[in-house]
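With TSV, C-alpha atoms inside, this is upload_35.tsv:
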chain	number	residue	atom	x	y	z
A	1	MET	CA	-15.68	16.91	-22.57
A	2	LYS	CA	-13.18	16.73	-25.42
A	3	LEU	CA	-9.55	16.99	-24.26
A	4	VAL	CA	-6.33	17.54	-26.22
A	5	ILE	CA	-2.87	17.06	-24.69
A	6	VAL	CA	0.09	19.02	-26.10
A	7	GLU	CA	3.40	17.95	-24.54
A	8	ASP	CA	6.70	17.26	-26.33
A	9	ASP	CA	8.03	14.91	-23.63
A	10	ILE	CA	6.55	11.46	-24.29
A	11	MET	CA	6.86	10.39	-20.64
A	12	VAL	CA	5.15	13.52	-19.30
A	13	ALA	CA	2.44	13.23	-21.96
A	14	ALA	CA	1.81	9.67	-20.76
A	15	ILE	CA	1.49	10.88	-17.15
A	16	ASN	CA	-0.95	13.62	-18.23
A	17	ARG	CA	-2.94	11.02	-20.12
A	18	GLU	CA	-2.95	8.62	-17.15
A	19	PHE	CA	-4.20	11.37	-14.84
A	20	ALA	CA	-6.85	12.54	-17.33
A	21	LEU	CA	-8.21	9.01	-17.73
A	22	LYS	CA	-9.12	9.05	-14.03
A	23	THR	CA	-11.72	11.74	-14.79
A	24	PRO	CA	-14.70	10.10	-16.54
A	25	GLU	CA	-15.98	13.46	-17.82
A	26	LEU	CA	-12.87	13.86	-19.99
A	27	ASN	CA	-12.51	12.23	-23.40
A	28	ILE	CA	-8.96	12.41	-24.80
A	29	VAL	CA	-9.36	13.00	-28.54
A	30	ALA	CA	-5.73	13.67	-29.47
A	31	THR	CA	-2.19	13.98	-28.13
A	32	PHE	CA	0.40	16.14	-29.90
A	33	TYR	CA	4.13	16.35	-29.30
A	34	ASN	CA	4.67	19.72	-30.98
A	35	GLY	CA	2.74	22.95	-31.05
A	36	ARG	CA	2.37	23.43	-34.80
A	37	GLU	CA	0.59	20.11	-35.35
A	38	ALA	CA	-1.66	20.91	-32.40
A	39	LEU	CA	-2.47	24.35	-33.84
A	40	ASP	CA	-3.46	22.84	-37.19
A	41	PHE	CA	-5.83	20.41	-35.43
A	42	LEU	CA	-7.27	23.01	-33.05
A	43	SER	CA	-7.90	25.45	-35.89
A	44	LYS	CA	-10.20	22.90	-37.53
A	45	ASN	CA	-11.70	21.06	-34.57
A	46	SER	CA	-13.69	22.19	-31.54
A	47	ILE	CA	-12.56	20.88	-28.14
A	48	ASP	CA	-13.36	21.74	-24.54
A	49	LEU	CA	-10.03	21.61	-22.71
A	50	LEU	CA	-6.35	21.86	-23.61
A	51	LEU	CA	-3.51	20.52	-21.44
A	52	LEU	CA	-0.55	22.53	-22.68
A	53	ASP	CA	3.20	22.59	-22.06
A	54	ILE	CA	5.18	25.81	-22.59
A	55	TYR	CA	8.72	24.65	-23.38
A	56	MET	CA	8.45	22.92	-26.76
A	57	SER	CA	11.01	23.07	-29.54
A	58	GLY	CA	10.17	25.29	-32.49
A	59	TYR	CA	6.80	26.54	-31.29
A	60	THR	CA	6.06	27.18	-27.62
A	61	GLY	CA	2.82	26.57	-25.81
A	62	LEU	CA	2.30	30.31	-25.26
A	63	GLU	CA	2.79	30.98	-28.97
A	64	LEU	CA	0.16	28.34	-29.67
A	65	LEU	CA	-2.26	29.81	-27.14
A	66	LYS	CA	-1.69	33.35	-28.42
A	67	GLU	CA	-2.45	32.26	-31.99
A	68	LEU	CA	-5.65	30.54	-30.89
A	69	ARG	CA	-6.81	33.69	-29.09
A	70	GLN	CA	-6.06	35.79	-32.19
A	71	GLN	CA	-8.27	33.39	-34.15
A	72	GLY	CA	-11.04	34.01	-31.63
A	73	ASN	CA	-10.63	30.49	-30.22
A	74	MET	CA	-11.26	30.74	-26.47
A	75	THR	CA	-10.79	27.03	-25.68
A	76	ASP	CA	-10.12	26.53	-21.97
A	77	ALA	CA	-6.50	25.62	-21.20
A	78	ILE	CA	-4.52	24.32	-18.25
A	79	ILE	CA	-0.78	24.93	-18.48
A	80	ILE	CA	1.47	22.11	-17.23
A	81	SER	CA	5.06	23.31	-17.39
A	82	ALA	CA	8.42	23.53	-15.66
A	83	ALA	CA	8.43	27.27	-16.38
A	84	ASN	CA	8.07	29.00	-13.02
A	85	ASP	CA	9.13	32.57	-13.84
A	86	ALA	CA	6.71	35.46	-13.43
A	87	GLU	CA	6.89	36.50	-17.09
A	88	HIS	CA	5.63	33.16	-18.46
A	89	ILE	CA	3.02	32.69	-15.73
A	90	ASP	CA	1.64	36.24	-16.04
A	91	GLU	CA	1.39	35.94	-19.83
A	92	ALA	CA	-0.40	32.60	-19.52
A	93	PHE	CA	-3.04	34.05	-17.21
A	94	HIS	CA	-3.44	37.09	-19.46
A	95	LEU	CA	-4.26	34.63	-22.24
A	96	GLY	CA	-7.12	33.29	-20.15
A	97	ILE	CA	-5.93	29.93	-18.83
A	98	ILE	CA	-7.94	28.02	-16.21
A	99	ASP	CA	-4.97	27.00	-14.07
A	100	TYR	CA	-1.19	26.65	-14.06
A	101	LEU	CA	0.59	23.53	-12.77
A	102	ILE	CA	4.34	23.63	-12.21
A	103	LYS	CA	6.13	20.34	-12.87
A	104	PRO	CA	6.44	18.12	-10.99
A	105	PHE	CA	2.92	18.00	-9.59
A	106	THR	CA	0.69	15.48	-7.84
A	107	TYR	CA	-2.49	13.87	-9.07
A	108	SER	CA	-4.37	15.73	-6.35
A	109	ARG	CA	-3.28	19.11	-7.79
A	110	PHE	CA	-4.15	17.96	-11.31
A	111	HIS	CA	-7.56	16.84	-10.07
A	112	ASP	CA	-8.17	20.26	-8.49
A	113	ALA	CA	-7.40	22.01	-11.78
A	114	VAL	CA	-9.73	19.77	-13.77
A	115	GLN	CA	-12.51	20.16	-11.20
A	116	LYS	CA	-12.15	23.94	-11.48
A	117	PHE	CA	-12.67	23.60	-15.25
A	118	LEU	CA	-15.70	21.32	-14.80
A	119	LEU	CA	-17.20	23.69	-12.22
A	120	ARG	CA	-16.86	26.64	-14.60
A	121	ARG	CA	-18.56	24.66	-17.36
A	122	SER	CA	-21.48	23.70	-15.13
A	123	LEU	CA	-21.92	27.30	-13.97
A	124	GLN	CA	-21.83	28.57	-17.56
A	125	LEU	CA	-24.74	26.26	-18.32
A	126	LYS	CA	-26.60	27.60	-15.27
A	127	GLY	CA	-26.15	31.13	-16.63
A	128	THR	CA	-25.64	32.97	-13.34
A	129	TYR	CA	-22.99	32.99	-10.61
A	130	THR	CA	-23.30	33.47	-6.86
A	131	GLN	CA	-20.44	34.88	-4.81
A	132	HIS	CA	-19.89	31.36	-3.46
A	133	ASP	CA	-19.56	30.08	-7.04
A	134	ILE	CA	-16.94	32.69	-7.87
A	135	ASP	CA	-15.02	31.99	-4.66
A	136	LYS	CA	-15.04	28.27	-5.48
A	137	ILE	CA	-13.68	28.87	-8.98
A	138	LEU	CA	-10.85	31.05	-7.66
A	139	GLU	CA	-10.00	28.64	-4.85
A	140	THR	CA	-6.77	26.74	-5.48
A	141	SER	CA	-5.14	24.10	-3.31
A	142	SER	CA	-1.37	24.41	-3.20
A	143	ASP	CA	0.08	21.01	-3.94
A	144	SER	CA	2.89	22.07	-6.26
A	145	PHE	CA	6.47	22.29	-5.01
A	146	CYS	CA	7.90	25.26	-3.22
A	147	VAL	CA	11.10	26.97	-4.29
A	148	LEU	CA	13.81	24.35	-4.44
A	149	LYS	CA	16.51	24.13	-1.80
A	150	LYS	CA	19.95	25.41	-2.68
A	151	GLY	CA	21.87	22.76	-4.62
A	152	LEU	CA	18.80	21.11	-6.16
A	153	GLN	CA	17.98	21.47	-9.86
A	154	GLN	CA	14.46	21.64	-11.28
A	155	GLN	CA	15.30	19.50	-14.33
A	156	THR	CA	16.79	16.77	-12.15
A	157	LEU	CA	13.76	16.81	-9.87
A	158	ASP	CA	11.43	16.69	-12.90
A	159	LYS	CA	13.16	13.61	-14.30
A	160	ILE	CA	13.08	11.77	-10.95
A	161	TRP	CA	9.42	12.71	-10.47
A	162	GLU	CA	8.54	11.48	-13.97
A	163	CYS	CA	10.20	8.17	-13.14
A	164	LEU	CA	8.20	7.83	-9.92
A	165	MET	CA	4.95	8.76	-11.67
A	166	ALA	CA	5.43	6.44	-14.67
A	167	GLU	CA	2.60	3.93	-15.00
A	168	LYS	CA	4.82	0.94	-14.18
A	169	ASN	CA	6.23	2.63	-11.06
A	170	HIS	CA	3.38	4.71	-9.66
A	171	GLY	CA	2.23	3.32	-6.33
A	172	GLN	CA	5.26	1.03	-6.09
A	173	PHE	CA	8.15	1.23	-3.62
A	174	LEU	CA	11.43	1.64	-5.51
A	175	THR	CA	15.02	1.47	-4.31
A	176	SER	CA	17.46	4.27	-5.07
A	177	GLU	CA	19.28	1.73	-7.28
A	178	LYS	CA	16.14	1.20	-9.37
A	179	ILE	CA	15.47	4.93	-9.73
A	180	SER	CA	19.14	5.45	-10.57
A	181	GLU	CA	18.95	2.87	-13.38
A	182	GLU	CA	15.93	4.57	-14.94
A	183	THR	CA	17.14	8.17	-14.65
A	184	ASN	CA	20.93	7.76	-15.05
A	185	PHE	CA	21.54	9.80	-11.89
A	186	SER	CA	23.82	8.54	-9.14
A	187	LYS	CA	22.34	6.79	-6.10
A	188	MET	CA	23.63	9.63	-3.93
A	189	THR	CA	21.74	12.15	-6.09
A	190	ILE	CA	18.58	10.03	-5.91
A	191	ARG	CA	18.75	9.85	-2.13
A	192	ARG	CA	19.23	13.63	-1.84
A	193	TYR	CA	16.22	14.40	-4.03
A	194	MET	CA	14.07	11.71	-2.43
A	195	ASN	CA	14.82	13.21	1.00
A	196	TYR	CA	13.60	16.54	-0.39
A	197	LEU	CA	10.38	14.93	-1.67
A	198	ILE	CA	9.85	13.33	1.72
A	199	GLU	CA	10.32	16.72	3.43
A	200	GLU	CA	7.73	18.16	1.03
A	201	LYS	CA	5.40	15.27	1.94
A	202	LYS	CA	5.29	14.15	-1.69
A	203	ALA	CA	6.97	10.80	-0.98
A	204	VAL	CA	7.53	8.30	1.81
A	205	SER	CA	10.27	5.80	2.55
A	206	ARG	CA	10.47	2.43	4.22
A	207	ILE	CA	13.21	-0.08	5.05
A	208	ASN	CA	12.93	-3.47	3.36
A	209	TYR	CA	14.47	-6.17	5.58
A	210	SER	CA	13.46	-9.07	3.32
A	211	THR	CA	16.19	-8.62	0.73
A	212	GLY	CA	18.19	-11.60	1.95
A	213	GLY	CA	21.15	-9.33	2.55
A	214	ARG	CA	21.66	-5.76	3.66
A	215	PRO	CA	18.31	-3.95	4.29
A	216	SER	CA	17.46	-1.40	1.61
A	217	ILE	CA	15.56	1.91	1.68
A	218	GLU	CA	12.61	2.08	-0.71
A	219	TYR	CA	10.63	5.12	-1.83
A	220	ALA	CA	7.11	5.73	-3.13
A	221	VAL	CA	4.99	8.74	-4.10
A	222	VAL	CA	2.25	9.92	-1.74
A	223	ASP	CA	-1.16	10.35	-3.40
A	224	ASN	CA	-2.76	13.19	-1.45
As structure tokens, please, write out the structure in this file.
Amino acid sequence: MKLVIVEDDIMVAAINREFALKTPELNIVATFYNGREALDFLSKNSIDLLLLDIYMSGYTGLELLKELRQQGNMTDAIIISAANDAEHIDEAFHLGIIDYLIKPFTYSRFHDAVQKFLLRRSLQLKGTYTQHDIDKILETSSDSFCVLKKGLQQQTLDKIWECLMAEKNHGQFLTSEKISEETNFSKMTIRRYMNYLIEEKKAVSRINYSTGGRPSIEYAVVDN
């Protein structure tokens, strides 16, 4: 299945690519960092699935999707965005998206969205649907984050999550000092947000006593 990624944040695009590569059925044919270049490509090339951000400078993901639909291009799309307001989400579903992932998200939630797309494709080939098939398509696991606690900011959480999910860090235990260096947030801020991620069961912590000095707390993402 031919896949195109449209995401203006290079780090997030890399995470999307890393996750997509874990699905052998997907073949990444292009990555675009702005909507207009993506539209030009999609208007001339047939693909199977689009991973699409909404907030992009100059030309939003919804503007891109709307233009494709006006062209009669019904390419399946999964939105991956920090936009969590009803207006954006409702419009996206009205434009016929497969699924909507709110940043930050886990690989497990990404996997569920892609499997929903693959299931729909296999059923389209079969030509008929049973009630069980329809129920399976509409089934969605809830692995995205709940409404943030008072005092926490979505953009800050996104940046910390992107750091944790970066290829060099994913699966590794990191100290708050290390995360602080990579995100430019204070260690106190890192600890507050990591405690939130632990409460949400998206991360775990451990105490490292082998530092040769004062024991340090280390954090890692949980792959559900």
Query - Distance criterion (all atoms listed in the file): nearest to A:Glu182 out of A:Arg214, A:Lys150, A:His170, A:Lys159 - result: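 Distance minimum relative to A:Glu182 lands on A:Lys159.
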Query - Non-local contacts of A:Lys103 (7 Å; all atoms listed in the file; under 4 positions in same chain excluded) as number ranges by chain - result: A: 80-82, 158
Report as lines of an AutoDock Vina configuration file the centre and the edge lengths, in Å to one decimal, of the axis-aligned box holding every listed atom of stretch 153-161 of chain A, padded by 3 Å on each side.
center_x = 13.7
center_y = 16.7
center_z = -12.1
size_x = 14.6
size_y = 15.9
size_z = 10.5
Do you have, as JSON lines, the list of residues of stretch 79-153 of chain A lying at most 9 Å from stretch 219-223 of chain A, each with its nearest atom pair and that distance in Å to one decimal, counting all atoms listed in the file and ordered by chain then number?
{"residue": "A:Thr106", "atom": "CA", "partner": "A:Asp223", "partner_atom": "CA", "distance": 7.0}
{"residue": "A:Tyr107", "atom": "CA", "partner": "A:Asp223", "partner_atom": "CA", "distance": 6.8}
{"residue": "A:Ser108", "atom": "CA", "partner": "A:Asp223", "partner_atom": "CA", "distance": 6.9}
Query raised in the report: Could you state the separation of atom CA of A:Leu164 and atom CA of A:His88 in Å, given to one decimal place?
Result: 26.9 Å
Requested in this report: List the neighbours of A:Leu52 out to 7 Å using only C-alpha atoms; skip same-chain residues closer than 6 positions along the sequence, and give me the result as a VMD selection string.
Outcome: chain A and resid 5 to 7 61 77 to 80
**Report entry** Coordinates-based distance that separates atom CA of A:Asn195 from atom CA of A:Ile179 (Å, one decimal)
**Finding:**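 Atom-to-atom, atom CA of A:Ile179 and atom CA of A:Asn195 are spaced 13.6 Å apart.
Excluding stretch 34-47 of chain A and any residue on its chain fewer than 4 positions from it, the residues at most 8 Å away by only C-alpha atoms are Met1, Lys2, Leu3, Val4, Val6, Glu7, Asp8, Met56, Ser57, Gly58, Tyr59, Thr60, Gly61, Leu64, Leu68 and Thr75 of chain A.
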Report task. Pick out the residues sitting within 9 Å of A:Glu167, and hand them over as a PyMOL selection string; count all atoms listed in the file, and ignore anything fewer than 3 positions along from it in its own chain. Result -> chain A and resi 14-15+18+163-164+170-171
Generate N, CA and C atoms for stretch 173-186 of chain A and emit them as a PDB file, keeping the file's coordinate frame.
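Once everything was written out, this is selection_0.pdb:
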ATOM      1  N   PHE A 173       6.955   0.824  -4.360  1.00  0.00           N
ATOM      2  CA  PHE A 173       8.150   1.230  -3.620  1.00  0.00           C
ATOM      3  C   PHE A 173       9.375   0.850  -4.439  1.00  0.00           C
ATOM      4  N   LEU A 174      10.238   1.839  -4.678  1.00  0.00           N
ATOM      5  CA  LEU A 174      11.430   1.640  -5.510  1.00  0.00           C
ATOM      6  C   LEU A 174      12.681   1.947  -4.700  1.00  0.00           C
ATOM      7  N   THR A 175      13.728   1.193  -4.944  1.00  0.00           N
ATOM      8  CA  THR A 175      15.020   1.470  -4.310  1.00  0.00           C
ATOM      9  C   THR A 175      15.712   2.605  -5.054  1.00  0.00           C
ATOM     10  N   SER A 176      16.681   3.228  -4.401  1.00  0.00           N
ATOM     11  CA  SER A 176      17.460   4.270  -5.070  1.00  0.00           C
ATOM     12  C   SER A 176      18.218   3.686  -6.258  1.00  0.00           C
ATOM     13  N   GLU A 177      18.593   2.393  -6.158  1.00  0.00           N
ATOM     14  CA  GLU A 177      19.280   1.730  -7.280  1.00  0.00           C
ATOM     15  C   GLU A 177      18.365   1.650  -8.500  1.00  0.00           C
ATOM     16  N   LYS A 178      17.099   1.312  -8.275  1.00  0.00           N
ATOM     17  CA  LYS A 178      16.140   1.200  -9.370  1.00  0.00           C
ATOM     18  C   LYS A 178      15.889   2.557 -10.016  1.00  0.00           C
ATOM     19  N   ILE A 179      15.703   3.576  -9.198  1.00  0.00           N
ATOM     20  CA  ILE A 179      15.470   4.930  -9.730  1.00  0.00           C
ATOM     21  C   ILE A 179      16.711   5.411 -10.472  1.00  0.00           C
ATOM     22  N   SER A 180      17.880   5.079  -9.936  1.00  0.00           N
ATOM     23  CA  SER A 180      19.140   5.450 -10.570  1.00  0.00           C
ATOM     24  C   SER A 180      19.267   4.834 -11.960  1.00  0.00           C
ATOM     25  N   GLU A 181      18.894   3.564 -12.083  1.00  0.00           N
ATOM     26  CA  GLU A 181      18.950   2.870 -13.380  1.00  0.00           C
ATOM     27  C   GLU A 181      18.063   3.555 -14.419  1.00  0.00           C
ATOM     28  N   GLU A 182      16.902   4.012 -13.995  1.00  0.00           N
ATOM     29  CA  GLU A 182      15.930   4.570 -14.940  1.00  0.00           C
ATOM     30  C   GLU A 182      16.181   6.038 -15.272  1.00  0.00           C
ATOM     31  N   THR A 183      16.918   6.735 -14.417  1.00  0.00           N
ATOM     32  CA  THR A 183      17.140   8.170 -14.650  1.00  0.00           C
ATOM     33  C   THR A 183      18.595   8.504 -15.020  1.00  0.00           C
ATOM     34  N   ASN A 184      19.497   7.552 -14.795  1.00  0.00           N
ATOM     35  CA  ASN A 184      20.930   7.760 -15.050  1.00  0.00           C
ATOM     36  C   ASN A 184      21.571   8.760 -14.082  1.00  0.00           C
ATOM     37  N   PHE A 185      20.923   9.002 -12.940  1.00  0.00           N
ATOM     38  CA  PHE A 185      21.540   9.800 -11.890  1.00  0.00           C
ATOM     39  C   PHE A 185      22.175   8.863 -10.858  1.00  0.00           C
ATOM     40  N   SER A 186      23.160   9.366 -10.140  1.00  0.00           N
ATOM     41  CA  SER A 186      23.820   8.540  -9.140  1.00  0.00           C
ATOM     42  C   SER A 186      22.873   8.237  -7.983  1.00  0.00           C
TER      43      SER A 186
END
